[in-house]
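Coordinates as given in input.txt (compact mmCIF, N, CA and C atoms and all ligand atoms):
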# COMPACT_ATOMS: atom_id res chain seq x y z
N MET K 1 -3.43 5.40 17.14
CA MET K 1 -3.90 5.14 15.77
C MET K 1 -4.29 6.46 15.13
N THR K 2 -3.65 6.80 14.07
CA THR K 2 -4.04 8.03 13.38
C THR K 2 -5.18 7.74 12.44
N SER K 3 -5.95 8.73 12.17
CA SER K 3 -7.08 8.53 11.25
C SER K 3 -6.57 8.49 9.82
N VAL K 4 -7.17 7.62 9.06
CA VAL K 4 -6.78 7.50 7.66
C VAL K 4 -7.57 8.53 6.87
N LYS K 5 -6.87 9.25 6.02
CA LYS K 5 -7.56 10.22 5.19
C LYS K 5 -8.61 9.51 4.34
N THR K 6 -9.82 9.99 4.41
CA THR K 6 -10.86 9.37 3.60
C THR K 6 -11.08 10.20 2.34
N LYS K 7 -11.12 9.52 1.25
CA LYS K 7 -11.47 10.19 0.01
C LYS K 7 -12.98 10.04 -0.16
N ARG K 8 -13.56 10.95 -0.85
CA ARG K 8 -15.01 10.93 -1.05
C ARG K 8 -15.52 9.55 -1.44
N GLU K 9 -16.54 9.11 -0.74
CA GLU K 9 -17.29 7.90 -1.12
C GLU K 9 -16.48 6.62 -1.06
N SER K 10 -15.27 6.70 -0.63
CA SER K 10 -14.47 5.48 -0.58
C SER K 10 -14.49 4.93 0.84
N PRO K 11 -14.74 3.64 0.98
CA PRO K 11 -14.65 3.05 2.32
C PRO K 11 -13.23 3.13 2.84
N LEU K 12 -13.05 2.87 4.11
CA LEU K 12 -11.72 2.96 4.71
C LEU K 12 -10.80 1.85 4.21
N PHE K 13 -9.56 2.20 4.06
CA PHE K 13 -8.56 1.19 3.73
C PHE K 13 -8.04 0.59 5.03
N THR K 14 -8.62 -0.54 5.38
CA THR K 14 -8.21 -1.20 6.61
C THR K 14 -6.96 -2.04 6.34
N ALA K 15 -6.43 -2.62 7.39
CA ALA K 15 -5.22 -3.44 7.22
C ALA K 15 -5.47 -4.59 6.25
N SER K 16 -6.64 -5.20 6.34
CA SER K 16 -6.89 -6.34 5.44
C SER K 16 -7.06 -5.88 4.01
N ILE K 17 -7.64 -4.71 3.81
CA ILE K 17 -7.76 -4.17 2.45
C ILE K 17 -6.37 -3.88 1.89
N ASP K 18 -5.54 -3.26 2.72
CA ASP K 18 -4.17 -2.96 2.27
C ASP K 18 -3.45 -4.25 1.86
N LYS K 19 -3.70 -5.30 2.60
CA LYS K 19 -3.05 -6.57 2.30
C LYS K 19 -3.50 -7.10 0.93
N ILE K 20 -4.78 -6.97 0.66
CA ILE K 20 -5.29 -7.41 -0.65
C ILE K 20 -4.62 -6.61 -1.76
N ILE K 21 -4.47 -5.32 -1.53
CA ILE K 21 -3.83 -4.47 -2.54
C ILE K 21 -2.40 -4.92 -2.77
N VAL K 22 -1.66 -5.10 -1.70
CA VAL K 22 -0.25 -5.47 -1.83
C VAL K 22 -0.12 -6.82 -2.53
N LYS K 23 -0.89 -7.79 -2.06
CA LYS K 23 -0.81 -9.11 -2.67
C LYS K 23 -1.21 -9.05 -4.14
N GLY K 24 -2.25 -8.30 -4.39
CA GLY K 24 -2.75 -8.19 -5.76
C GLY K 24 -1.72 -7.57 -6.69
N PHE K 25 -1.07 -6.51 -6.22
CA PHE K 25 -0.12 -5.83 -7.09
C PHE K 25 1.12 -6.68 -7.32
N LEU K 26 1.40 -7.55 -6.39
CA LEU K 26 2.56 -8.42 -6.57
C LEU K 26 2.22 -9.64 -7.41
N ALA K 27 0.93 -9.93 -7.55
CA ALA K 27 0.56 -11.13 -8.29
C ALA K 27 -0.42 -10.81 -9.41
N ASP K 28 -1.68 -10.69 -9.05
CA ASP K 28 -2.70 -10.51 -10.06
C ASP K 28 -3.48 -9.22 -9.78
N ARG K 29 -2.99 -8.15 -10.34
CA ARG K 29 -3.53 -6.84 -10.05
C ARG K 29 -5.01 -6.73 -10.43
N ARG K 30 -5.36 -7.26 -11.60
CA ARG K 30 -6.73 -7.09 -12.07
C ARG K 30 -7.73 -7.76 -11.15
N THR K 31 -7.40 -8.96 -10.72
CA THR K 31 -8.30 -9.69 -9.82
C THR K 31 -8.47 -8.93 -8.51
N ALA K 32 -7.38 -8.41 -8.00
CA ALA K 32 -7.44 -7.68 -6.73
C ALA K 32 -8.31 -6.44 -6.88
N ILE K 33 -8.12 -5.71 -7.98
CA ILE K 33 -8.90 -4.50 -8.18
C ILE K 33 -10.39 -4.83 -8.31
N ASN K 34 -10.69 -5.89 -9.05
CA ASN K 34 -12.09 -6.29 -9.18
C ASN K 34 -12.69 -6.69 -7.84
N GLU K 35 -11.90 -7.40 -7.05
CA GLU K 35 -12.38 -7.80 -5.74
C GLU K 35 -12.69 -6.58 -4.88
N LEU K 36 -11.79 -5.59 -4.93
CA LEU K 36 -11.98 -4.40 -4.11
C LEU K 36 -13.13 -3.55 -4.63
N LYS K 37 -13.35 -3.59 -5.93
CA LYS K 37 -14.48 -2.84 -6.48
C LYS K 37 -15.80 -3.36 -5.92
N THR K 38 -15.88 -4.68 -5.71
CA THR K 38 -17.10 -5.23 -5.14
C THR K 38 -17.28 -4.78 -3.70
N LYS K 39 -16.21 -4.31 -3.07
CA LYS K 39 -16.31 -3.81 -1.71
C LYS K 39 -16.56 -2.31 -1.68
N GLY K 40 -16.68 -1.69 -2.83
CA GLY K 40 -17.03 -0.29 -2.88
C GLY K 40 -15.90 0.67 -3.18
N PHE K 41 -14.72 0.16 -3.45
CA PHE K 41 -13.59 1.03 -3.79
C PHE K 41 -13.58 1.31 -5.29
N THR K 42 -13.24 2.52 -5.63
CA THR K 42 -13.08 2.83 -7.05
C THR K 42 -11.67 2.47 -7.48
N ARG K 43 -11.52 2.26 -8.79
CA ARG K 43 -10.21 1.95 -9.32
C ARG K 43 -9.19 3.03 -8.96
N ASN K 44 -9.62 4.28 -9.08
CA ASN K 44 -8.69 5.37 -8.78
C ASN K 44 -8.29 5.39 -7.31
N ALA K 45 -9.26 5.13 -6.45
CA ALA K 45 -8.94 5.11 -5.01
C ALA K 45 -7.94 4.00 -4.72
N ILE K 46 -8.12 2.86 -5.39
CA ILE K 46 -7.21 1.73 -5.18
C ILE K 46 -5.80 2.08 -5.66
N LEU K 47 -5.73 2.69 -6.84
CA LEU K 47 -4.42 3.03 -7.39
C LEU K 47 -3.73 4.10 -6.53
N ASP K 48 -4.53 5.06 -6.04
CA ASP K 48 -3.97 6.09 -5.15
C ASP K 48 -3.41 5.45 -3.89
N ARG K 49 -4.20 4.53 -3.34
CA ARG K 49 -3.78 3.87 -2.11
C ARG K 49 -2.51 3.05 -2.35
N ALA K 50 -2.46 2.37 -3.48
CA ALA K 50 -1.29 1.58 -3.80
C ALA K 50 -0.04 2.47 -3.84
N ARG K 51 -0.21 3.65 -4.43
CA ARG K 51 0.91 4.58 -4.51
C ARG K 51 1.30 5.05 -3.10
N GLU K 52 0.29 5.33 -2.28
CA GLU K 52 0.57 5.75 -0.90
C GLU K 52 1.34 4.69 -0.15
N LEU K 53 1.01 3.43 -0.42
CA LEU K 53 1.67 2.34 0.29
C LEU K 53 3.08 2.12 -0.23
N GLY K 54 3.40 2.68 -1.36
CA GLY K 54 4.74 2.56 -1.91
C GLY K 54 4.86 1.56 -3.04
N LEU K 55 3.72 1.20 -3.64
CA LEU K 55 3.74 0.23 -4.73
C LEU K 55 4.04 0.92 -6.06
N SER K 56 5.24 1.38 -6.21
CA SER K 56 5.62 2.03 -7.45
C SER K 56 6.06 0.98 -8.47
N ASP K 57 6.13 1.38 -9.72
CA ASP K 57 6.63 0.45 -10.76
C ASP K 57 8.02 -0.04 -10.41
N GLN K 58 8.83 0.89 -9.92
CA GLN K 58 10.20 0.55 -9.55
C GLN K 58 10.20 -0.52 -8.45
N PHE K 59 9.31 -0.33 -7.50
CA PHE K 59 9.22 -1.28 -6.41
C PHE K 59 8.81 -2.66 -6.92
N LEU K 60 7.82 -2.68 -7.81
CA LEU K 60 7.32 -3.96 -8.31
C LEU K 60 8.39 -4.68 -9.12
N LYS K 61 9.19 -3.93 -9.84
CA LYS K 61 10.28 -4.53 -10.60
C LYS K 61 11.28 -5.17 -9.64
N TRP K 62 11.54 -4.43 -8.59
CA TRP K 62 12.49 -4.88 -7.57
C TRP K 62 11.99 -6.19 -6.97
N CYS K 63 10.69 -6.28 -6.70
CA CYS K 63 10.12 -7.51 -6.13
C CYS K 63 10.20 -8.66 -7.11
N ALA K 64 10.02 -8.35 -8.39
CA ALA K 64 10.03 -9.38 -9.41
C ALA K 64 11.40 -10.06 -9.47
N VAL K 65 12.40 -9.36 -9.02
CA VAL K 65 13.74 -9.92 -9.03
C VAL K 65 13.87 -11.01 -7.96
N GLY K 66 12.93 -11.05 -7.05
CA GLY K 66 12.91 -12.13 -6.09
C GLY K 66 13.16 -11.71 -4.66
N LYS K 67 13.31 -10.42 -4.44
CA LYS K 67 13.45 -9.95 -3.06
C LYS K 67 12.06 -9.92 -2.46
N SER K 68 11.91 -10.50 -1.32
CA SER K 68 10.54 -10.57 -0.82
C SER K 68 10.43 -10.33 0.67
N ASP K 69 11.37 -9.62 1.24
CA ASP K 69 11.23 -9.25 2.63
C ASP K 69 10.35 -8.02 2.72
N VAL K 70 9.12 -8.21 2.23
CA VAL K 70 8.19 -7.11 2.09
C VAL K 70 7.05 -7.29 3.07
N ALA K 71 6.73 -6.24 3.80
CA ALA K 71 5.64 -6.36 4.76
C ALA K 71 5.02 -4.99 4.98
N LEU K 72 3.77 -5.02 5.36
CA LEU K 72 3.12 -3.76 5.74
C LEU K 72 3.53 -3.44 7.17
N ARG K 73 4.14 -2.30 7.36
CA ARG K 73 4.53 -1.89 8.69
C ARG K 73 4.00 -0.50 8.96
N ASN K 74 3.93 -0.13 10.22
CA ASN K 74 3.51 1.22 10.56
C ASN K 74 4.73 2.13 10.60
N CYS K 75 4.60 3.26 9.94
CA CYS K 75 5.70 4.22 9.87
C CYS K 75 6.03 4.76 11.26
N LEU K 76 7.32 4.86 11.57
CA LEU K 76 7.73 5.40 12.87
C LEU K 76 7.52 6.91 12.92
N GLY K 77 7.41 7.53 11.76
CA GLY K 77 7.23 8.98 11.71
C GLY K 77 5.80 9.41 11.89
N CYS K 78 4.90 8.83 11.09
CA CYS K 78 3.52 9.32 11.10
C CYS K 78 2.52 8.24 11.50
N GLY K 79 2.97 7.00 11.62
CA GLY K 79 2.07 5.95 12.07
C GLY K 79 1.23 5.33 10.96
N GLU K 80 1.34 5.84 9.76
CA GLU K 80 0.58 5.28 8.64
C GLU K 80 1.17 3.94 8.22
N ARG K 81 0.30 3.06 7.72
CA ARG K 81 0.80 1.82 7.17
C ARG K 81 1.49 2.09 5.85
N PHE K 82 2.57 1.40 5.63
CA PHE K 82 3.23 1.52 4.33
C PHE K 82 3.95 0.23 4.04
N LEU K 83 4.40 0.11 2.82
CA LEU K 83 5.05 -1.11 2.39
C LEU K 83 6.53 -1.02 2.71
N SER K 84 6.94 -1.81 3.67
CA SER K 84 8.32 -1.80 4.09
C SER K 84 9.08 -2.91 3.37
N VAL K 85 10.26 -2.58 2.91
CA VAL K 85 11.02 -3.55 2.11
C VAL K 85 12.12 -4.20 2.91
N GLY K 86 12.07 -4.04 4.21
CA GLY K 86 13.10 -4.69 4.99
C GLY K 86 12.99 -4.29 6.44
N PHE K 87 13.69 -5.01 7.24
CA PHE K 87 13.60 -4.82 8.67
C PHE K 87 13.97 -3.40 9.07
N GLN K 88 14.95 -2.85 8.39
CA GLN K 88 15.47 -1.53 8.78
C GLN K 88 14.67 -0.40 8.14
N ASN K 89 13.72 -0.75 7.32
CA ASN K 89 12.94 0.24 6.59
C ASN K 89 11.67 0.56 7.39
N ARG K 90 11.72 1.61 8.21
CA ARG K 90 10.59 1.86 9.11
C ARG K 90 9.96 3.23 8.90
N LEU K 91 10.39 3.96 7.87
CA LEU K 91 9.76 5.24 7.57
C LEU K 91 9.05 5.16 6.22
N CYS K 92 7.85 5.68 6.15
CA CYS K 92 7.14 5.68 4.88
C CYS K 92 7.84 6.62 3.90
N PRO K 93 7.57 6.49 2.62
CA PRO K 93 8.25 7.33 1.62
C PRO K 93 8.07 8.82 1.91
N ARG K 94 6.88 9.19 2.39
CA ARG K 94 6.65 10.60 2.65
C ARG K 94 7.56 11.12 3.76
N CYS K 95 7.66 10.37 4.85
CA CYS K 95 8.51 10.82 5.96
C CYS K 95 9.97 10.79 5.56
N LYS K 96 10.32 9.81 4.76
CA LYS K 96 11.72 9.70 4.33
C LYS K 96 12.09 10.90 3.47
N ASN K 97 11.17 11.30 2.61
CA ASN K 97 11.46 12.43 1.73
C ASN K 97 11.49 13.76 2.48
N ARG K 98 10.84 13.77 3.64
CA ARG K 98 10.80 15.00 4.40
C ARG K 98 12.15 15.31 5.06
N LYS K 99 12.97 14.28 5.20
CA LYS K 99 14.25 14.47 5.88
C LYS K 99 15.23 15.21 5.00
ZN ZN K 101 5.43 8.36 7.67
Is it possible to give me this structure as structure tokens?
Ligand SMILES: [Zn+2]
Amino acid sequence: MTSVKTKRESPLFTASIDKIIVKGFLADRRTAINELKTKGFTRNAILDRARELGLSDQFLKWCAVGKSDVALRNCLGCGERFLSVGFQNRLCPRCKNRK
């Protein structure tokens, strides 16, 4: 298990927190952000984390089309959790871009 980079004053993004973010961004973003704020996360920290997980506008549009083989998986490169869009998708965007 690699350590998750902590941003100042922000609690850790655990697997369950990541799940709330992913679900929220795919459905009701505002509710999810408000829920996480009550847990001590700032809006910016949440948005940063969403970007780290791969929740880009492009990705959300893609999901809206109805593709939903989406899951949080651990990257084979660095071990970080990221949003995988399919069985064969096992590298996070950062590791993929490094190639
Ligand atoms: Zn990676």
Practice task
Compute the set of protein, DNA and RNA residues whose minimum atom distance to ligand ZN 101 (chain K) is at most 7 Å, using only N, CA and C atoms and all ligand atoms, and state it as an MDAnalysis selection string.
Solution key: chainID K and resid 74:80 90:96
Output N, CA and C atoms for every residue in the selection just made, as a PDB file, in the coordinates of the input.
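Written output follows (again27.pdb):
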ATOM      1  N   ASN K  74       3.930  -0.130  10.220  1.00  0.00           N
ATOM      2  CA  ASN K  74       3.510   1.220  10.560  1.00  0.00           C
ATOM      3  C   ASN K  74       4.730   2.130  10.600  1.00  0.00           C
ATOM      4  N   CYS K  75       4.600   3.260   9.940  1.00  0.00           N
ATOM      5  CA  CYS K  75       5.700   4.220   9.870  1.00  0.00           C
ATOM      6  C   CYS K  75       6.030   4.760  11.260  1.00  0.00           C
ATOM      7  N   LEU K  76       7.320   4.860  11.570  1.00  0.00           N
ATOM      8  CA  LEU K  76       7.730   5.400  12.870  1.00  0.00           C
ATOM      9  C   LEU K  76       7.520   6.910  12.920  1.00  0.00           C
ATOM     10  N   GLY K  77       7.410   7.530  11.760  1.00  0.00           N
ATOM     11  CA  GLY K  77       7.230   8.980  11.710  1.00  0.00           C
ATOM     12  C   GLY K  77       5.800   9.410  11.890  1.00  0.00           C
ATOM     13  N   CYS K  78       4.900   8.830  11.090  1.00  0.00           N
ATOM     14  CA  CYS K  78       3.520   9.320  11.100  1.00  0.00           C
ATOM     15  C   CYS K  78       2.520   8.240  11.500  1.00  0.00           C
ATOM     16  N   GLY K  79       2.970   7.000  11.620  1.00  0.00           N
ATOM     17  CA  GLY K  79       2.070   5.950  12.070  1.00  0.00           C
ATOM     18  C   GLY K  79       1.230   5.330  10.960  1.00  0.00           C
ATOM     19  N   GLU K  80       1.340   5.840   9.760  1.00  0.00           N
ATOM     20  CA  GLU K  80       0.580   5.280   8.640  1.00  0.00           C
ATOM     21  C   GLU K  80       1.170   3.940   8.220  1.00  0.00           C
ATOM     22  N   ARG K  90      11.720   1.610   8.210  1.00  0.00           N
ATOM     23  CA  ARG K  90      10.590   1.860   9.110  1.00  0.00           C
ATOM     24  C   ARG K  90       9.960   3.230   8.900  1.00  0.00           C
ATOM     25  N   LEU K  91      10.390   3.960   7.870  1.00  0.00           N
ATOM     26  CA  LEU K  91       9.760   5.240   7.570  1.00  0.00           C
ATOM     27  C   LEU K  91       9.050   5.160   6.220  1.00  0.00           C
ATOM     28  N   CYS K  92       7.850   5.680   6.150  1.00  0.00           N
ATOM     29  CA  CYS K  92       7.140   5.680   4.880  1.00  0.00           C
ATOM     30  C   CYS K  92       7.840   6.620   3.900  1.00  0.00           C
ATOM     31  N   PRO K  93       7.570   6.490   2.620  1.00  0.00           N
ATOM     32  CA  PRO K  93       8.250   7.330   1.620  1.00  0.00           C
ATOM     33  C   PRO K  93       8.070   8.820   1.910  1.00  0.00           C
ATOM     34  N   ARG K  94       6.880   9.190   2.390  1.00  0.00           N
ATOM     35  CA  ARG K  94       6.650  10.600   2.650  1.00  0.00           C
ATOM     36  C   ARG K  94       7.560  11.120   3.760  1.00  0.00           C
ATOM     37  N   CYS K  95       7.660  10.370   4.850  1.00  0.00           N
ATOM     38  CA  CYS K  95       8.510  10.820   5.960  1.00  0.00           C
ATOM     39  C   CYS K  95       9.970  10.790   5.560  1.00  0.00           C
ATOM     40  N   LYS K  96      10.320   9.810   4.760  1.00  0.00           N
ATOM     41  CA  LYS K  96      11.720   9.700   4.330  1.00  0.00           C
ATOM     42  C   LYS K  96      12.090  10.900   3.470  1.00  0.00           C
TER      43      LYS K  96
END
Practice task
Just the strand (DSSP E) stuff from stretch 29-85 of chain K, please, per backbone DSSP, written as a list in words.
Solution key: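 Secondary structure check on stretch 29-85 of chain K, strand (DSSP E): Ala71, Leu72, Arg73, Asn74, Arg81, Phe82, Leu83 and Ser84 of chain K.
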Practice task
Could you check how far atom C of K:Phe82 sits from atom N of K:Asn34, in Å to one decimal?
Solution key: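 Separating atom C of K:Phe82 from atom N of K:Asn34 is a distance of 20.6 Å.
Between atom N of K:Leu12 and atom CA of K:Val85 the interatomic distance comes to 25.0 Å.
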Practice task
Would you mind reading off the distance between atom C of K:Ile20 and atom C of K:Phe87, one decimal, in Å?
Solution key: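 A separation of 21.8 Å between them.
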Problem - All helix (DSSP H, G or I) positions in stretch 1-97 of chain K, as a PyMOL selection string - result: chain K and resi 15-26+29-38+43-53+57-64+93-97
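Taking only N, CA and C atoms into account, K:Gly40 lies nearest to K:Pro11 out of the set K:Pro11, K:Ala71, K:Glu52, K:Gly86.
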